[in-house]
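Engineer: Structure in structure tokens, see below.
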Amino acid sequence: MHSPAFFPTTTGPDYALPELLLPLKPARSALTVIEGLDHQLGGGHKGVQGFLTGERFSFSKSSMYSLDQYAADRIGNETRFPSLTLDLNGSNSWSWNRYGVKMRGIGDPSQLFDMLFKPLLSNQKIQATTEINIEQSVLDTIARSAKQLNSKLGSQDRHKFQEYLNAIEETSRRLNRTRYWIGQDKPVVADAENALQQKSGGEDRRYLTMRSMFDLCALAFRTDSTRIVTIHVPGGNGVLQLDGISDGYHSLSHHGQDPDKIDQLKRVELEYIKELARFIHTLESTPDGNGSLLDHTLIYFGSGMGNASSHSNRNLPVLLAGGNIKHGNSLKYERDSKPLCNLYVSMLQWLGVETDSFGGSHGNMSELF
């Protein structure tokens, strides 16, 4: 997000919505804009990859563990899908499991629709169950051999080897959970196929994909198919099909204070905010328990790059919506006064995860929650 057009110029409840956030005007009482938060990871793209982890990316580290997967490991066993990691342009994500392995993103709305709602045929159930049984048999054999080896290791090697044993056990639990859900019918939603948007004149495929993803997310929450979704919006060099856009997004983000590039950049980003506003309206219009789906859904929108033109990861654009928390304000924290991971601790606590720390946190943000 182009920061001068994203952050309000004043704080408090009477702030004027900045240019990029104008589409969110109908929802301003249910959102909070926060300035001054980041992970202090240093500049560049390796800092971007730590957006959800609070850890600077390195090939030699295994400590990358993202907010969504941390939560999924603790509450994800209550739903068919512990979490959904989505990508607007392929199979990437900024989600990392507990072993520091990047999660594969789902980039095709049709694939996501099938996962959520397409019933499995009887022969598909049999085949899937057979494959799980084979995998479980292999795991059992590996586990027996591993335990025999474990007894022969020294204390230092045994500690490291325990991580391997834990991974085997975790995979076994995942297989058992998958076996259970194969036997459960998928939810039937009459209007589900309407979420698959058809291309119309003047709209870029990326925004239509984003709209479909958001609609399917709303249906996934509505049917309690999952409670955690992450959508990755990539940069890239492709020229988006929007009026007045003549350069690729990545090039525009490195604008060098060129007024024409900044104007094009804001047009591109404004369309993302319009889709976000539409998603918020969808949740607000969907009854859920004693309120709306928006009341029971916490939306976190942001970027791992604060100023792409200078490759800065400081002062990241952050916006919260929904969740029935203390909204309606523009907040600004002094530089380095609060790590972004403080917000992550509060988000996890909101989800019901019992934790007092995450990444480089120094506490939480109880003033919001």
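Going through the structure tokens in order, the chains are called A, B, and so on, while each chain numbers its residues from 1 and the ligands are numbered from 1 in the order shown.
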Using DSSP secondary structure from the backbone, list all alpha helix (DSSP H) positions within region 164-359 of chain A, as a VMD selection string.
Structural biologist: chain A and resid 164 to 182 205 to 222 249 to 253 259 to 284 340 to 350
Engineer: Show me, as a ChimeraX atom specification, the residues that have an atom within 7 Å of His327 (chain A) when counting only C-alpha atoms, minus same-chain residues fewer than 3 positions from it.
Structural biologist: /A:29-32
Engineer: Save out the residues we just selected, N, CA and C atoms, as a PDB file, in the first residue's frame.
Structural biologist:
ATOM      1  N   SER A  29     -17.021   2.149  11.217  1.00  0.00           N
ATOM      2  CA  SER A  29     -17.261   1.878  12.638  1.00  0.00           C
ATOM      3  C   SER A  29     -16.796   0.478  13.035  1.00  0.00           C
ATOM      4  N   ALA A  30     -16.492  -0.359  12.026  1.00  0.00           N
ATOM      5  CA  ALA A  30     -16.062  -1.737  12.300  1.00  0.00           C
ATOM      6  C   ALA A  30     -14.627  -1.972  11.866  1.00  0.00           C
ATOM      7  N   LEU A  31     -13.839  -0.892  11.751  1.00  0.00           N
ATOM      8  CA  LEU A  31     -12.443  -1.076  11.348  1.00  0.00           C
ATOM      9  C   LEU A  31     -11.529  -0.128  12.114  1.00  0.00           C
ATOM     10  N   THR A  32     -10.247  -0.496  12.154  1.00  0.00           N
ATOM     11  CA  THR A  32      -9.213   0.288  12.812  1.00  0.00           C
ATOM     12  C   THR A  32      -7.975   0.311  11.927  1.00  0.00           C
TER      13      THR A  32
END
Engineer: Which residue, A:Thr53, A:Thr226, A:Ser155, A:Gln264, has the smallest gap to Phe358 (chain A) when you use only C-alpha atoms?
Structural biologist: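 Checking each candidate against Phe358 (chain A), we get A:Thr53 as the closest.
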Engineer: I'd like the neighbourhood of Leu294 (chain A) as a list in words, where a residue qualifies if any of its atoms comes within 6 Å (using only C-alpha atoms), though same-chain residues fewer than 3 positions away should be ignored.
Structural biologist: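 Contacts, with the query itself left out: Leu283, Glu284, Thr297 and Gly322 of chain A.
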Engineer: For the strand (DSSP E) assignment from backbone DSSP, which residues of region 316-365 of chain A qualify? Please present them as a VMD selection string.
Structural biologist: chain A and resid 318 to 322 330 to 332
Engineer: Distance CA of Val229 (chain A)-CA of Pro4 (chain A), one decimal place?
Structural biologist: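 Distance between the two atoms: 28.4 Å.
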Engineer: For region 245-260 of chain A, please output as a PyMOL selection string all residues within 8 Å (counting only C-alpha atoms; exclusion window: fewer than 6 positions along the same chain).
Structural biologist: chain A and resi 235-239+268+308-310
Engineer: Nearest to Gln40 (chain A) among A:Asp295, A:Asp73, A:Asp224, A:Asp336, with distances taken over only C-alpha atoms: which residue is it?
Structural biologist: A:Asp336
Engineer: Find the residue from A:Pro317, A:Gly183, A:Gly323, A:Pro8 that sits nearest to Leu298 (chain A); use only C-alpha atoms when measuring.
Structural biologist: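 Looking at the shortest contact to Leu298 (chain A), the residue is A:Gly323.
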Engineer: Could you check how far CA of Ser83 (chain A) sits from CA of Ala218 (chain A), in Å to one decimal?
Structural biologist: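 Pair CA of Ser83 (chain A) / CA of Ala218 (chain A) returns 13.6 Å.
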Engineer: CA of Tyr272 (chain A) and CA of Tyr207 (chain A) are how many Å apart?
Structural biologist: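 CA of Tyr272 (chain A) sits 7.2 Å away from CA of Tyr207 (chain A).
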